[in-house]
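J.: There's a structure below that I have some questions on.
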Amino acid sequence: MELFADHNLCSGCRACLLACGLENFGEMTPAKAALKIQALFPAPGRYRVQLCDQCGRCAEVCPVEAITREEGVWLVDPEECTSCGTCVAECPHGVITLPREDEPAIKCTLCGACVEICPRDVFSWREGPLKEMGQ
Amino acid sequence: MRITLHPDGNLRAVLTGLPPLIKLDLPGPASVREVLLRAGINPLLVVAVIRDGRTIDKDSLLSDGADLGLVGPLSGG
Amino acid sequence: MKGYAGKLLRFDLSKGRAQVQPLPEELVRDYIGGRGFVAKLLWDELPSGADPLGPENLLIIATGPLSGHLLPASGKTHFGAKSPVNGGYADANMGGHFGPALKYAGFDLVILTGRAAEPSLLVIDDGKVELRPAGDRWGMGALEAEERLKDDLGREFELLTIGPAGERKVRFACLSHDFGRQAGRCGLGAVLGSKNLKALAVRGTGSLQVHDLKGLYAKAKVAYAKIKAKPGFKGWTPEGTAGITDWVNQVGAFPTRNFQTSFFPGHRAINGRAVVERLKLTDKGCFCCPTPCGKYGHTRTSLGEAFVEGPEYESIALLGGNLELKTIEEVGYANFLCDQLGLDTISAGAVASFAMECFEKGLITEKDLGRKIAFGSLSSAAFLFDLMARREGLGDLLAEGVKIAAERIGRGSAGFAIQVKGLEWSGYECRNAPGMMLSYLTADVGAHHNRSWALGQDVAGSAASVHDLITAGGKGERMAKAKVGGQAAKVIELQHLRPLFDILGICRLQYMELGFEVVHYEDLFGLVTGRKMSWEELLKVSEKVWHLTRAFSVREVPGFGRAHDLPPARFFTEPVPTGPNQGHLLKRAELERLLDEYYAARGWDENGLPEPKTLEKVGLEDVAAALESA
């Protein structure tokens with residue numbers, strides 16, 4: 001399963017960022033979100049949702065092999081992660097983050113909290129083939 | 001034909017006593033305006049009429065089973 | 001203090017020094033947040049008699065306890081100061097993302113004092129606060145400055161900027177944010193300009209403490225689902241507030257031609273549908289809002305093209321009907337010009353229309369201005385906005401607002417300087433709307449509709465009976481005269497209700513326009529703060545704030561009282577010439593009656609000054625004592 005975002009519906013509210021942090025970390029903050037909202041203003045005058053597409057590039061570059069795939073989802077092992085930040089630098093969508101220096105990297109686990117909360121129905125699920133690592 | 005009306009809070013605030021759900025039976029076809037008058041609602045107090053998530057004109061003709069949201073006076077920002 | 005960030009930032013711009021304090025518990029306990037903080041801090045800390053455009057004025061930036069949390073629609077920020085418009089109480093409210101960023105940076109409240117030595121920028125980066133030179137950005141448009149500063153600092157920073165109008169202390173200069181949002185009214189942009197501050201930039205990556213996090217998360221999901229199920233969700237959102245344009249014309253309350261009349265025959269070309277069909281690109285909203293009211297789009301006119309957020313209803317009224325601009329493209333472009341210059345569209349529209357009427361009457365001439373101006377002319381509007389923003393030539397006088405401009409121009413122009421307390425009238429013409437008229441006369445900041453909006457009750461009162469409509473064919477075009485008397489209670493109720501959202505730090509549209517019930521806000525308040533307050537108890541705080549802002553104006557404005565609650569002579573001497581309210585006006589005696597009833601209901605004396613026992617009743621004993629000893 002793949003998470004899909006229709007950018008045209010996004011109004012920039014960022015509820016998804018908060019829901020992600022609440023669902024996965026029990027914290028009220030926009031900083032612990034595994035997706036990003038880009039505000040393209042003044043031109044072209046719309047929002048763009050940056051999502052993890054489970055490409056696996058983070059896993060490819062992780063020096064301690066802390067990121068492995070389970071049922072199509074790349075997951076960070078919090079015990080193994082050393083917070084080195086290599087994955088953050090290499091993520092093609094900029095959606096893996098290290099908001100707190102001493103905590104593990106945060107990436108999308110396809111939990112669906114954003115799908116549930118979004119008042120604009122930006123997010124949906126799609127069937128997709130399993131990607132090759134780094135694809 | 002049967003028409004169902006859902007006056008919103010703003011409409012009911014200025015027309016106290018208006019219930020939140022009104023079902024009317026009347027001969028069709030009829031315009032929104034005629035239906036409102038039949039329901040005892042002054043069309044001037046209805047800022048917008050919503051059918052299937054879209055606003056429609058008060059002169060639009062309605063058919064049996066029409067389900068309308070009625071938006072009362074509301075302020076602009 | 002769950003729900004709050006917990007800290008107050010005081011920044012003395014003269015000394016370039018930050019002082020971080022814990023958010024005072026009594027302030028939270030007694031005033032809750034947002035507008036409550038603004039009112040209390042102005043009363044306590046503004047040095048009496050301070051010059052609003054001098055270093056002693058405070059600029060207060062206040063979020064509420066609900067700002068920034070996952071709940072609908074938590075992006076609102078409240079601003080306040082001693083008013084550059086009239087020396088009394090001034091505040092303005094703004095959507096977007098600024099307030100949430102402040103809270104995530106660790107601050108609920110910012111108090112700016114003094115004046116920076118050079119054009120500056122205040123950067124708040126989580127806990128770090130720094131004043132930096134901004135000379136290279138001084139002179140830039142408000143929108144342009146935001147764009148450049150986001151490039152400089154990082155696009156994740158939230159910006160508050162002023163344009164050239166604020167820099168030149170135009171009395172209706174606004175604060176700008178997020179490429180199209182403003183804290184528009186009362187000239188707060190001039191206050192920031194007088195402090196030599198071009199912008200504030202905030203980035204916040206912290207967390208907020210919540211009393212019942214799991215409960216709040218669950219409740220938030222329910223709240224969003226309920227709002228999505230409201231009929232207005234799909235019906236209202238696409239056009240936003242612009243959607244009422246046609247209706248306001250049909251009930252004869254649309255400002256037209258400097259409020260000469262109240263019906264604009266060309267309203268269908270500048271209504272909400274026109275915005276959607278001809279300009280809109282994106283529904284753009286505030287933090288955590290489910291019903292984005294911002295209509296961001298692109299406009300093209302003979303004068304130029306631009307991206308613009310809007311026009312929303314007020315800009316359609318004051319730039320469209322009021323200036324008689326004929327197309328939505330022109331209204332959109334006029335809106336953009338104001339946004340870039342950093343001018344409040346409402347006041348800019350009203351000052352421009354005043355100038356146009358003066359010109360028609362020969363009170364100002366082509367020689368005074370350098371060119372002719374006329375209603376219906378976008379180039380006239382653009383010329384005037386520019387002249388006022390730069391305070392050039394006659395623009396220097398117009399930049400003072402219609403009240404002062406009319407005092408200088410004389411020759412009866414005060415009669416059509418459409419303002420109360422020096423603040424230009426916003427988007428509803430009231431010669432047949434006694435409740436809305438009373439709302440405008442008694443709004444604390446001046447002629448603004450954000451406090452009480454009673455037009456619905458007025459129309460219900462004057463709209464023809466259903467029987468009359470049936471016999472007349474159902475289109476009831478002419479409005480009967482609305483009964484004068486009995487409006488006070490409703491206006492007072494609304495003056496507590498609507499500003500309560502400004503205290504809580506959230507938007508009122510979901511409640512007011514979509515009918516999202518207040519019980520949900522009670523629940524959300526409890527879940528976020530852990531404090532059990534009923535809606536009635538919260539309204540009592542708002543009532544107290546109402547008397548406090550009145551008391552502030554009494555203290556600061558010499559001779560403040562009933563005379564400051566009166567409208568221009570146009571409204572009591574000129575019957576509406578055209579449209580559904582043709583022939584109507586409110587006589588001076590009727591206005592006095594409205595005020596008499598209102599003051600009595602408020603517990604104020606016949607001059608509109610709060611009685612000591614009224615102040616004591618709402619918990620303002622110290623205020624009563626201070627006013628008595630003054």
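In the structure tokens, each chain is lettered A, B, ... as it comes, each chain's residues begin at 1, and ligands are numbered from 1 in order of appearance.
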DSSP says strand (DSSP E or B) for which residues of chain A? Put them as a ChimeraX atom specification?

T.: /A:2-5,28,36-40,46-50,67-70,73-76,97,106,123-126

J.: I need the chain C residues near chain B as a ChimeraX atom specification; criterion: at most 9 Å, counting only C-alpha atoms.

T.: /C:231-236,240-248,250-251,312-314,427,449-450,453-461,463-467,469-470,474-477,509,512-515

J.: If you measure from atom CA of C:Val484 to atom CA of C:Leu438, what distance in Å do you get, rounded to one decimal?

T.: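 Answer for the atom CA of C:Val484 to atom CA of C:Leu438 separation: 10.3 Å.
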
J.: Excluding same-chain residues fewer than 3 positions from B:Ala30, what lies within 7 Å of it counting only C-alpha atoms, as JSON, numbers by chain?

T.: {"B": [34, 35, 61, 62]}

J.: So that I have them on file, write out the residues from the current selection with N, CA and C atoms, as a JSON list (two decimals), in the first residue's frame.

T.:
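selection_11.json written:
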[["chain", "number", "residue", "atom", "x", "y", "z"],
["B", 34, "GLU", "N", -40.42, 29.53, -3.97],
["B", 34, "GLU", "CA", -41.79, 29.13, -3.63],
["B", 34, "GLU", "C", -41.80, 28.18, -2.44],
["B", 35, "VAL", "N", -40.83, 27.28, -2.41],
["B", 35, "VAL", "CA", -40.74, 26.33, -1.30],
["B", 35, "VAL", "C", -40.48, 27.06, 0.01],
["B", 61, "LEU", "N", -35.54, 25.39, -10.11],
["B", 61, "LEU", "CA", -36.69, 24.49, -9.92],
["B", 61, "LEU", "C", -36.24, 23.23, -9.22],
["B", 62, "LEU", "N", -37.09, 22.74, -8.34],
["B", 62, "LEU", "CA", -36.77, 21.55, -7.56],
["B", 62, "LEU", "C", -37.63, 20.38, -7.98]]

J.: Which residues of chain C come within 9 Å of chain A, and for each one, what is the closest pair of atoms and their distance in Å to one decimal, counting only C-alpha atoms, sorted by chain and residue number, as CSV?

T.:
residue,atom,partner,partner_atom,distance
C:Gly68,CA,A:Thr29,CA,8.7
C:His69,CA,A:Met28,CA,7.0
C:Leu70,CA,A:Leu18,CA,6.3
C:Leu71,CA,A:Ala15,CA,8.3
C:Ala73,CA,A:Cys13,CA,8.8
C:Gly75,CA,A:Cys13,CA,8.8
C:Gly96,CA,A:Cys13,CA,8.7
C:His97,CA,A:Cys13,CA,8.6
C:Tyr104,CA,A:Thr29,CA,7.1
C:Leu143,CA,A:Pro42,CA,8.1
C:Glu144,CA,A:Pro42,CA,8.9
C:Glu147,CA,A:Pro42,CA,7.7
C:Arg155,CA,A:Ala39,CA,8.4
C:Glu156,CA,A:Gln38,CA,8.9
C:Asp178,CA,A:Phe41,CA,8.3
C:Phe179,CA,A:Pro42,CA,6.4
C:Gly204,CA,A:Ala31,CA,8.3
C:Thr205,CA,A:Ala31,CA,5.2
C:Gly206,CA,A:Thr29,CA,6.2
C:Ser207,CA,A:Thr29,CA,4.6
C:Leu208,CA,A:Met28,CA,5.4
C:Gln209,CA,A:Met28,CA,7.2
C:Val210,CA,A:Met28,CA,7.5
C:Leu213,CA,A:Gly26,CA,7.3
C:Lys214,CA,A:Gly26,CA,7.8
C:Tyr217,CA,A:Leu22,CA,7.2
C:Ala220,CA,A:Ile117,CA,8.4
C:Lys221,CA,A:Ile117,CA,6.2
C:Tyr224,CA,A:Pro119,CA,6.4
C:Ala225,CA,A:Pro119,CA,7.7
C:Ile227,CA,A:Pro119,CA,8.7
C:Lys228,CA,A:Pro119,CA,7.0
C:Leu281,CA,A:Gly45,CA,7.0
C:Thr282,CA,A:Arg46,CA,5.8
C:Asp283,CA,A:Ser11,CA,5.5
C:Lys284,CA,A:Ser11,CA,4.6
C:Gly285,CA,A:Ser11,CA,5.3
C:Cys286,CA,A:Cys13,CA,5.5
C:Phe287,CA,A:Cys13,CA,4.5
C:Cys288,CA,A:Cys13,CA,4.6
C:Cys289,CA,A:Cys13,CA,5.7
C:Pro290,CA,A:Pro119,CA,5.1
C:Thr291,CA,A:Pro119,CA,8.0
C:Pro292,CA,A:Ser11,CA,6.5
C:Gly294,CA,A:Ser11,CA,8.8
C:Tyr296,CA,A:Gly45,CA,6.7
C:Gly297,CA,A:Gly45,CA,7.0
C:His298,CA,A:Gly45,CA,8.5
C:Phe307,CA,A:Pro42,CA,6.5
C:Val308,CA,A:Pro42,CA,8.0

J.: Return as an MDAnalysis selection string the full set of residues in stretch 435-545 of chain C whose backbone-based DSSP assignment is helix (DSSP H, G or I).

T.: chainID C and resid 435:442 455:462 466:472 488:504 509:512 518:529 535:545

J.: Name the residues in contact with C:Thr578 at a cut-off of 9 Å, using only C-alpha atoms, excluding same-chain residues fewer than 4 positions from it; report them as a list in words.

T.: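 Once the adjacent positions are removed, what remains is Gly252, Thr261, Ser262, Phe263, Gln582 and Gly583 of chain C.
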
J.: For C:Leu102, list every protein, DNA or RNA residue within 9 Å, evaluated using only C-alpha atoms, and leave out those in the same chain fewer than 6 positions away; present the list as an MDAnalysis selection string.

T.: chainID C and resid 5 63 68 108:110 124 126 158 202:204

J.: Neighbours of C:Phe172 within 10 Å (only C-alpha atoms; same-chain residues fewer than 5 positions away dropped), as a list in words?

T.: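 Answer for this query is Pro84, Val85, Ala165, Gly166, Gly184, Arg185, Cys186, Gly187, Leu188, Gly189, Ala190, Gly342, Leu343, Asp344, Thr345, Ile346, Ser347, Ala348, Val351, Met388, Ala389, Ala399, Glu400, Gly401, Leu423 and Glu424 of chain C.
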
J.: Those selected residues, please, written with N, CA and C atoms and delivered as a PDB file, in the first residue's frame.

T.:
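Output file result07.pdb is given in full below:
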ATOM      1  N   PRO C  84      -3.270  54.272  17.326  1.00  0.00           N
ATOM      2  CA  PRO C  84      -2.817  55.428  16.543  1.00  0.00           C
ATOM      3  C   PRO C  84      -3.992  56.170  15.913  1.00  0.00           C
ATOM      4  N   VAL C  85      -5.144  55.520  15.875  1.00  0.00           N
ATOM      5  CA  VAL C  85      -6.310  56.133  15.247  1.00  0.00           C
ATOM      6  C   VAL C  85      -6.960  57.150  16.173  1.00  0.00           C
ATOM      7  N   ALA C 165       3.732  51.672   3.993  1.00  0.00           N
ATOM      8  CA  ALA C 165       2.718  52.418   4.741  1.00  0.00           C
ATOM      9  C   ALA C 165       2.995  52.384   6.246  1.00  0.00           C
ATOM     10  N   GLY C 166       3.377  51.229   6.755  1.00  0.00           N
ATOM     11  CA  GLY C 166       3.700  51.127   8.177  1.00  0.00           C
ATOM     12  C   GLY C 166       4.953  51.905   8.505  1.00  0.00           C
ATOM     13  N   GLY C 184      -5.491  43.743  10.367  1.00  0.00           N
ATOM     14  CA  GLY C 184      -5.702  44.879   9.497  1.00  0.00           C
ATOM     15  C   GLY C 184      -5.975  46.211  10.144  1.00  0.00           C
ATOM     16  N   ARG C 185      -6.763  46.209  11.212  1.00  0.00           N
ATOM     17  CA  ARG C 185      -7.378  47.469  11.610  1.00  0.00           C
ATOM     18  C   ARG C 185      -6.593  48.199  12.678  1.00  0.00           C
ATOM     19  N   CYS C 186      -6.906  49.482  12.782  1.00  0.00           N
ATOM     20  CA  CYS C 186      -6.391  50.341  13.854  1.00  0.00           C
ATOM     21  C   CYS C 186      -4.949  50.779  13.668  1.00  0.00           C
ATOM     22  N   GLY C 187      -4.385  50.586  12.495  1.00  0.00           N
ATOM     23  CA  GLY C 187      -3.055  51.143  12.255  1.00  0.00           C
ATOM     24  C   GLY C 187      -1.931  50.514  13.066  1.00  0.00           C
ATOM     25  N   LEU C 188      -2.051  49.235  13.407  1.00  0.00           N
ATOM     26  CA  LEU C 188      -0.978  48.606  14.185  1.00  0.00           C
ATOM     27  C   LEU C 188       0.311  48.508  13.374  1.00  0.00           C
ATOM     28  N   GLY C 189       0.195  48.539  12.050  1.00  0.00           N
ATOM     29  CA  GLY C 189       1.402  48.593  11.209  1.00  0.00           C
ATOM     30  C   GLY C 189       2.185  49.873  11.456  1.00  0.00           C
ATOM     31  N   ALA C 190       1.466  50.946  11.742  1.00  0.00           N
ATOM     32  CA  ALA C 190       2.133  52.216  12.035  1.00  0.00           C
ATOM     33  C   ALA C 190       2.874  52.134  13.369  1.00  0.00           C
ATOM     34  N   GLY C 342       0.980  47.471   2.457  1.00  0.00           N
ATOM     35  CA  GLY C 342       0.748  47.281   3.889  1.00  0.00           C
ATOM     36  C   GLY C 342      -0.343  48.190   4.413  1.00  0.00           C
ATOM     37  N   LEU C 343      -1.415  48.319   3.637  1.00  0.00           N
ATOM     38  CA  LEU C 343      -2.562  49.133   4.014  1.00  0.00           C
ATOM     39  C   LEU C 343      -3.745  48.230   4.314  1.00  0.00           C
ATOM     40  N   ASP C 344      -4.503  48.549   5.370  1.00  0.00           N
ATOM     41  CA  ASP C 344      -5.763  47.870   5.642  1.00  0.00           C
ATOM     42  C   ASP C 344      -6.717  48.148   4.479  1.00  0.00           C
ATOM     43  N   THR C 345      -7.222  47.106   3.836  1.00  0.00           N
ATOM     44  CA  THR C 345      -8.088  47.331   2.671  1.00  0.00           C
ATOM     45  C   THR C 345      -9.359  48.079   3.040  1.00  0.00           C
ATOM     46  N   ILE C 346      -9.881  47.845   4.232  1.00  0.00           N
ATOM     47  CA  ILE C 346     -11.126  48.502   4.640  1.00  0.00           C
ATOM     48  C   ILE C 346     -10.905  50.011   4.736  1.00  0.00           C
ATOM     49  N   SER C 347      -9.949  50.416   5.539  1.00  0.00           N
ATOM     50  CA  SER C 347      -9.704  51.855   5.686  1.00  0.00           C
ATOM     51  C   SER C 347      -9.189  52.476   4.403  1.00  0.00           C
ATOM     52  N   ALA C 348      -8.302  51.792   3.703  1.00  0.00           N
ATOM     53  CA  ALA C 348      -7.773  52.357   2.454  1.00  0.00           C
ATOM     54  C   ALA C 348      -8.917  52.608   1.472  1.00  0.00           C
ATOM     55  N   VAL C 351     -10.931  55.638   2.785  1.00  0.00           N
ATOM     56  CA  VAL C 351     -10.229  56.913   2.613  1.00  0.00           C
ATOM     57  C   VAL C 351     -10.206  57.288   1.132  1.00  0.00           C
ATOM     58  N   MET C 388      -0.985  57.772  -0.396  1.00  0.00           N
ATOM     59  CA  MET C 388      -1.216  57.694   1.044  1.00  0.00           C
ATOM     60  C   MET C 388      -0.097  56.896   1.703  1.00  0.00           C
ATOM     61  N   ALA C 389       0.277  55.791   1.072  1.00  0.00           N
ATOM     62  CA  ALA C 389       1.305  54.925   1.668  1.00  0.00           C
ATOM     63  C   ALA C 389       2.631  55.662   1.794  1.00  0.00           C
ATOM     64  N   ALA C 399      -3.397  60.108   4.734  1.00  0.00           N
ATOM     65  CA  ALA C 399      -2.800  59.039   5.554  1.00  0.00           C
ATOM     66  C   ALA C 399      -3.220  59.141   7.015  1.00  0.00           C
ATOM     67  N   GLU C 400      -3.797  60.274   7.408  1.00  0.00           N
ATOM     68  CA  GLU C 400      -4.259  60.439   8.786  1.00  0.00           C
ATOM     69  C   GLU C 400      -5.629  59.810   8.995  1.00  0.00           C
ATOM     70  N   GLY C 401      -6.276  59.377   7.908  1.00  0.00           N
ATOM     71  CA  GLY C 401      -7.605  58.799   8.037  1.00  0.00           C
ATOM     72  C   GLY C 401      -8.673  59.820   7.730  1.00  0.00           C
ATOM     73  N   LEU C 423     -12.017  55.416  13.209  1.00  0.00           N
ATOM     74  CA  LEU C 423     -11.779  54.189  12.420  1.00  0.00           C
ATOM     75  C   LEU C 423     -12.837  54.093  11.337  1.00  0.00           C
ATOM     76  N   GLU C 424     -12.358  53.947  10.113  1.00  0.00           N
ATOM     77  CA  GLU C 424     -13.273  53.927   8.967  1.00  0.00           C
ATOM     78  C   GLU C 424     -14.222  52.721   9.045  1.00  0.00           C
TER      79      GLU C 424
END
